[in-house]
Amino acid sequence: MTNKSTPSICAFLILGGFCSFAKAAPFQFSAGVSVNQKELLERDFAFLGSIQFEDRPDSRLKQYLNVGNLNSQAVQDWLKIRVHYIVSPDSRKRLLTQEGQPFVSGIRNAQKVYFPELPSVVEPSGGNTIMFNMGADIYEIAKAEHKPLVLEIEGLENILVLSPRVGIVEFGKAFFQPLDPSWPESRITDRLHTLFRLESLLHEARHSDGNGPSLTFRHQTCPKGHDYEGLPACDAADNGAYGIGAEFLQEVLRVCTDCQESETDLLKILLADDLNRLLTRLGPNDEKEDSPWIQGQTEDPGQVEAADPNTVKPNTVKPNTTIWDPRAEGFKQ
Ligand SMILES: [Zn+2]
């Protein structure tokens, strides 16, 4: 059933057909994000608001996002709770304690090694990471060290990291490049690239979620024989970052009635890449669709794992609540 609850004068997926009434994207930008890049992201976000999703009860995207109705407003809202800052490469400055001192001690020795330690969006191999949820990673360091941390980023006020939902994502070069290097640069403004960036943002947004063992929905090492063997580029849970990306693309393919074959072919390639990273889908064919949740890892939505007994009491979790406990992750005192 097509969702009619959000009337929109925007036709879905008309090239350049971004809603003129759409609200500005809710992101703050670091130094180094160009005017064109900001505009593009504003348009991407507005475009997300124009997609007429089908609000089906069996939609996995709806289930994963835990929204009452699957519509563009709900997806925009889901994203903007989890992504707040868009940070350009090289605009990170320092990691500080709440008292303003460089953060130097502890098991992850973060000031000394923070920048090398966190996955860099510019890889030494010359490859390019698309995007990285820096805020979630810093939150994990802070939690392990029992110290709230402050991140200095050029062009932004200092950010106190108290929750994995601080939503600081850093983009790499590949984020604003054509998917095929032989394509002209101008293609990054087309619908395919908008969908690619939105899928990347939704992926990163999922890393702002999780609780205890599932905190940040950290990727797993891909198994032997996998295209990404040995790399942390797979997910144990279908409702992790790759699963969110995959389900978003599936929903888009479902409703994109005016998509050109060339576009759907490429969206399907992006989709196949996401699905290929879901460890539950790597079994024999007859098992592939049967295990959307990992038992004991990311359990069904009513079974938030009680990771931290100080912050989560399992018997207070209501059925059908999100796998994310809405209370902010706290620091052990
Ligand atoms: Zn990821």
# chains A, B, ... in the order shown; residues from 1 in each chain; ligands from 1

call {"tool": "closest_atom_pairs", "arguments": {"of": "range 149-226 of chain A", "to": "range 266-285 of chain A", "cutoff": "9 Å", "atoms": "only C-alpha atoms", "output": "tab-separated table"}}
result
residue	atom	partner	partner_atom	distance
A:Leu192	CA	A:Leu267	CA	7.4
A:Leu195	CA	A:Leu267	CA	8.4
A:Phe196	CA	A:Leu270	CA	8.0
A:Gln220	CA	A:Leu279	CA	8.8
A:Cys222	CA	A:Arg277	CA	7.5
A:Pro223	CA	A:Leu279	CA	8.5
A:His226	CA	A:Asn276	CA	8.7

call {"tool": "write_last_selection", "arguments": {"atoms": "C-alpha atoms", "output": "short mmCIF file (atom, residue, chain, number, x, y, z; two decimals), in the first residue's frame"}}
result
data_model
loop_
_atom_site.label_atom_id
_atom_site.label_comp_id
_atom_site.auth_asym_id
_atom_site.auth_seq_id
_atom_site.Cartn_x
_atom_site.Cartn_y
_atom_site.Cartn_z
CA LEU A 192 21.98 7.66 -8.60
CA LEU A 195 20.82 7.69 -3.51
CA PHE A 196 24.35 6.42 -3.01
CA GLN A 220 32.75 -8.00 11.96
CA CYS A 222 34.68 -11.05 6.91
CA PRO A 223 35.32 -14.79 6.79
CA HIS A 226 34.85 -13.66 1.27
#

call {"tool": "closest_atom_pairs", "arguments": {"of": "chain A", "to": "ligand 1", "cutoff": "7 Å", "atoms": "only C-alpha atoms and all ligand atoms", "output": "JSON lines"}}
result
{"residue": "A:Phe132", "atom": "CA", "partner": "ligand 1", "partner_atom_place_in_ligand_line": "1 (Zn)", "distance": 6.8}
{"residue": "A:His203", "atom": "CA", "partner": "ligand 1", "partner_atom_place_in_ligand_line": "1 (Zn)", "distance": 6.2}
{"residue": "A:Glu204", "atom": "CA", "partner": "ligand 1", "partner_atom_place_in_ligand_line": "1 (Zn)", "distance": 5.9}
{"residue": "A:His207", "atom": "CA", "partner": "ligand 1", "partner_atom_place_in_ligand_line": "1 (Zn)", "distance": 6.6}
{"residue": "A:His219", "atom": "CA", "partner": "ligand 1", "partner_atom_place_in_ligand_line": "1 (Zn)", "distance": 6.4}
{"residue": "A:Ala241", "atom": "CA", "partner": "ligand 1", "partner_atom_place_in_ligand_line": "1 (Zn)", "distance": 5.7}

call {"tool": "closest_residue", "arguments": {"among": "A:Arg92, A:Arg218, A:Lys38, A:Arg165", "to": "Leu79 in chain A", "atoms": "only C-alpha atoms"}}
result
A:Arg165

call {"tool": "closest_atom_pairs", "arguments": {"of": "range 200-231 of chain A", "to": "range 53-69 of chain A", "cutoff": "12 Å", "atoms": "only C-alpha atoms", "output": "CSV"}}
result
residue,atom,partner,partner_atom,distance
A:Leu202,CA,A:Leu65,CA,10.0
A:His203,CA,A:Leu65,CA,11.5
A:Ala205,CA,A:Leu65,CA,10.5
A:Arg206,CA,A:Leu65,CA,9.0
A:Asp209,CA,A:Leu65,CA,10.6

call {"tool": "write_last_selection", "arguments": {"atoms": "N, CA and C atoms", "output": "PDB file, in the first residue's frame"}}
result
ATOM      1  N   LEU A 202      22.660   6.747   5.831  1.00  0.00           N
ATOM      2  CA  LEU A 202      21.822   5.859   6.647  1.00  0.00           C
ATOM      3  C   LEU A 202      22.671   4.747   7.267  1.00  0.00           C
ATOM      4  N   HIS A 203      23.640   4.270   6.498  1.00  0.00           N
ATOM      5  CA  HIS A 203      24.583   3.275   7.035  1.00  0.00           C
ATOM      6  C   HIS A 203      25.296   3.849   8.261  1.00  0.00           C
ATOM      7  N   ALA A 205      24.469   6.327  10.082  1.00  0.00           N
ATOM      8  CA  ALA A 205      23.512   6.627  11.148  1.00  0.00           C
ATOM      9  C   ALA A 205      23.315   5.410  12.050  1.00  0.00           C
ATOM     10  N   ARG A 206      23.313   4.221  11.462  1.00  0.00           N
ATOM     11  CA  ARG A 206      23.129   3.021  12.263  1.00  0.00           C
ATOM     12  C   ARG A 206      24.275   2.830  13.260  1.00  0.00           C
ATOM     13  N   ASP A 209      23.822   3.807  16.822  1.00  0.00           N
ATOM     14  CA  ASP A 209      22.892   3.020  17.628  1.00  0.00           C
ATOM     15  C   ASP A 209      23.622   1.932  18.406  1.00  0.00           C
TER      16      ASP A 209
END

call {"tool": "closest_residue", "arguments": {"among": "A:Lys224, A:Lys147, A:Arg254, A:Arg197", "to": "Leu96 in chain A", "atoms": "only C-alpha atoms"}}
result
A:Lys147

call {"tool": "atom_distance", "arguments": {"atom1": "CA of Asp137 in chain A", "atom2": "CA of Val169 in chain A"}}
result
10.1 Å

call {"tool": "residues_around", "arguments": {"residues": "Gln177 in chain A", "least_positions_apart": "5", "cutoff": "10 Å", "atoms": "only C-alpha atoms", "output": "PyMOL selection string"}}
result
chain A and resi 130+172+183-189+193

call {"tool": "write_last_selection", "arguments": {"atoms": "N, CA and C atoms", "output": "PDB file, in the first residue's frame"}}
result
ATOM      1  N   ILE A 130      34.380   5.666   2.219  1.00  0.00           N
ATOM      2  CA  ILE A 130      33.312   6.592   1.847  1.00  0.00           C
ATOM      3  C   ILE A 130      32.982   7.498   3.021  1.00  0.00           C
ATOM      4  N   GLY A 172      34.992  10.645   3.213  1.00  0.00           N
ATOM      5  CA  GLY A 172      36.223  10.481   2.446  1.00  0.00           C
ATOM      6  C   GLY A 172      36.013  10.987   1.031  1.00  0.00           C
ATOM      7  N   TRP A 183      33.516   8.270 -15.194  1.00  0.00           N
ATOM      8  CA  TRP A 183      32.407   9.192 -15.407  1.00  0.00           C
ATOM      9  C   TRP A 183      32.825  10.628 -15.105  1.00  0.00           C
ATOM     10  N   PRO A 184      32.185  11.588 -15.778  1.00  0.00           N
ATOM     11  CA  PRO A 184      32.519  12.986 -15.476  1.00  0.00           C
ATOM     12  C   PRO A 184      32.088  13.362 -14.057  1.00  0.00           C
ATOM     13  N   GLU A 185      32.802  14.292 -13.486  1.00  0.00           N
ATOM     14  CA  GLU A 185      32.547  14.758 -12.114  1.00  0.00           C
ATOM     15  C   GLU A 185      31.096  15.225 -11.941  1.00  0.00           C
ATOM     16  N   SER A 186      30.553  15.785 -13.022  1.00  0.00           N
ATOM     17  CA  SER A 186      29.198  16.355 -12.936  1.00  0.00           C
ATOM     18  C   SER A 186      28.145  15.314 -12.569  1.00  0.00           C
ATOM     19  N   ARG A 187      28.468  14.046 -12.759  1.00  0.00           N
ATOM     20  CA  ARG A 187      27.466  13.003 -12.476  1.00  0.00           C
ATOM     21  C   ARG A 187      27.115  12.899 -10.994  1.00  0.00           C
ATOM     22  N   ILE A 188      27.962  13.465 -10.137  1.00  0.00           N
ATOM     23  CA  ILE A 188      27.669  13.317  -8.703  1.00  0.00           C
ATOM     24  C   ILE A 188      26.397  14.055  -8.285  1.00  0.00           C
ATOM     25  N   THR A 189      25.862  14.873  -9.184  1.00  0.00           N
ATOM     26  CA  THR A 189      24.611  15.571  -8.856  1.00  0.00           C
ATOM     27  C   THR A 189      23.382  14.760  -9.282  1.00  0.00           C
ATOM     28  N   HIS A 193      23.686   9.104  -7.675  1.00  0.00           N
ATOM     29  CA  HIS A 193      24.684   9.492  -6.668  1.00  0.00           C
ATOM     30  C   HIS A 193      24.021  10.050  -5.409  1.00  0.00           C
TER      31      HIS A 193
END

call {"tool": "select_by_dssp", "arguments": {"residues": "range 146-236 of chain A", "states": "strand (DSSP E)", "output": "list in words"}}
result
Leu149, Val150, Leu151, Glu152, Ile153, Ile159, Leu160, Val161, Ile168, Val169, Glu170 and Phe171 of chain A

call {"tool": "write_last_selection", "arguments": {"atoms": "N, CA and C atoms", "output": "compact mmCIF listing (two decimals), in the first residue's frame"}}
result
# COMPACT_ATOMS: atom_id res chain seq x y z
N LEU A 149 34.80 12.79 26.57
CA LEU A 149 35.83 13.41 25.74
C LEU A 149 35.24 14.51 24.88
N VAL A 150 36.13 15.41 24.51
CA VAL A 150 35.72 16.56 23.70
C VAL A 150 36.53 16.52 22.41
N LEU A 151 35.85 16.71 21.32
CA LEU A 151 36.54 16.68 20.04
C LEU A 151 36.62 18.10 19.47
N GLU A 152 37.82 18.47 19.09
CA GLU A 152 38.03 19.75 18.40
C GLU A 152 38.06 19.50 16.90
N ILE A 153 37.20 20.19 16.23
CA ILE A 153 37.16 20.05 14.76
C ILE A 153 37.17 21.44 14.17
N ILE A 159 33.00 19.68 20.52
CA ILE A 159 31.86 18.77 20.69
C ILE A 159 32.14 17.83 21.85
N LEU A 160 31.29 17.88 22.85
CA LEU A 160 31.39 16.97 23.99
C LEU A 160 30.67 15.67 23.60
N VAL A 161 31.42 14.58 23.69
CA VAL A 161 30.88 13.28 23.23
C VAL A 161 30.34 12.51 24.43
N ILE A 168 28.81 12.40 14.62
CA ILE A 168 29.87 13.09 13.87
C ILE A 168 30.35 12.15 12.78
N VAL A 169 30.05 12.46 11.55
CA VAL A 169 30.52 11.58 10.46
C VAL A 169 31.49 12.33 9.56
N GLU A 170 32.54 11.61 9.25
CA GLU A 170 33.59 12.19 8.41
C GLU A 170 33.50 11.53 7.04
N PHE A 171 33.53 12.35 6.01
CA PHE A 171 33.45 11.74 4.68
C PHE A 171 34.84 11.62 4.07

call {"tool": "select_by_dssp", "arguments": {"residues": "range 29-249 of chain A", "states": "helix (DSSP H, G or I)", "output": "PyMOL selection string"}}
result
chain A and resi 35-48+60-65+72-82+110-117+134-145+164-166+173-176+185-189+191-206+212-217+241-249

call {"tool": "residues_around", "arguments": {"residues": "Tyr139 in chain A", "least_positions_apart": "4", "cutoff": "9 Å", "atoms": "only C-alpha atoms", "output": "VMD selection string"}}
result
chain A and resid 134 to 135 143 to 144 148 to 149 161 to 166

call {"tool": "closest_residue", "arguments": {"among": "A:Trp78, A:Arg191, A:Tyr228, A:Pro89", "to": "Ser262 in chain A", "atoms": "only C-alpha atoms"}}
result
A:Arg191

call {"tool": "atom_distance", "arguments": {"atom1": "CA of Glu154 in chain A", "atom2": "CA of Ser34 in chain A"}}
result
13.6 Å
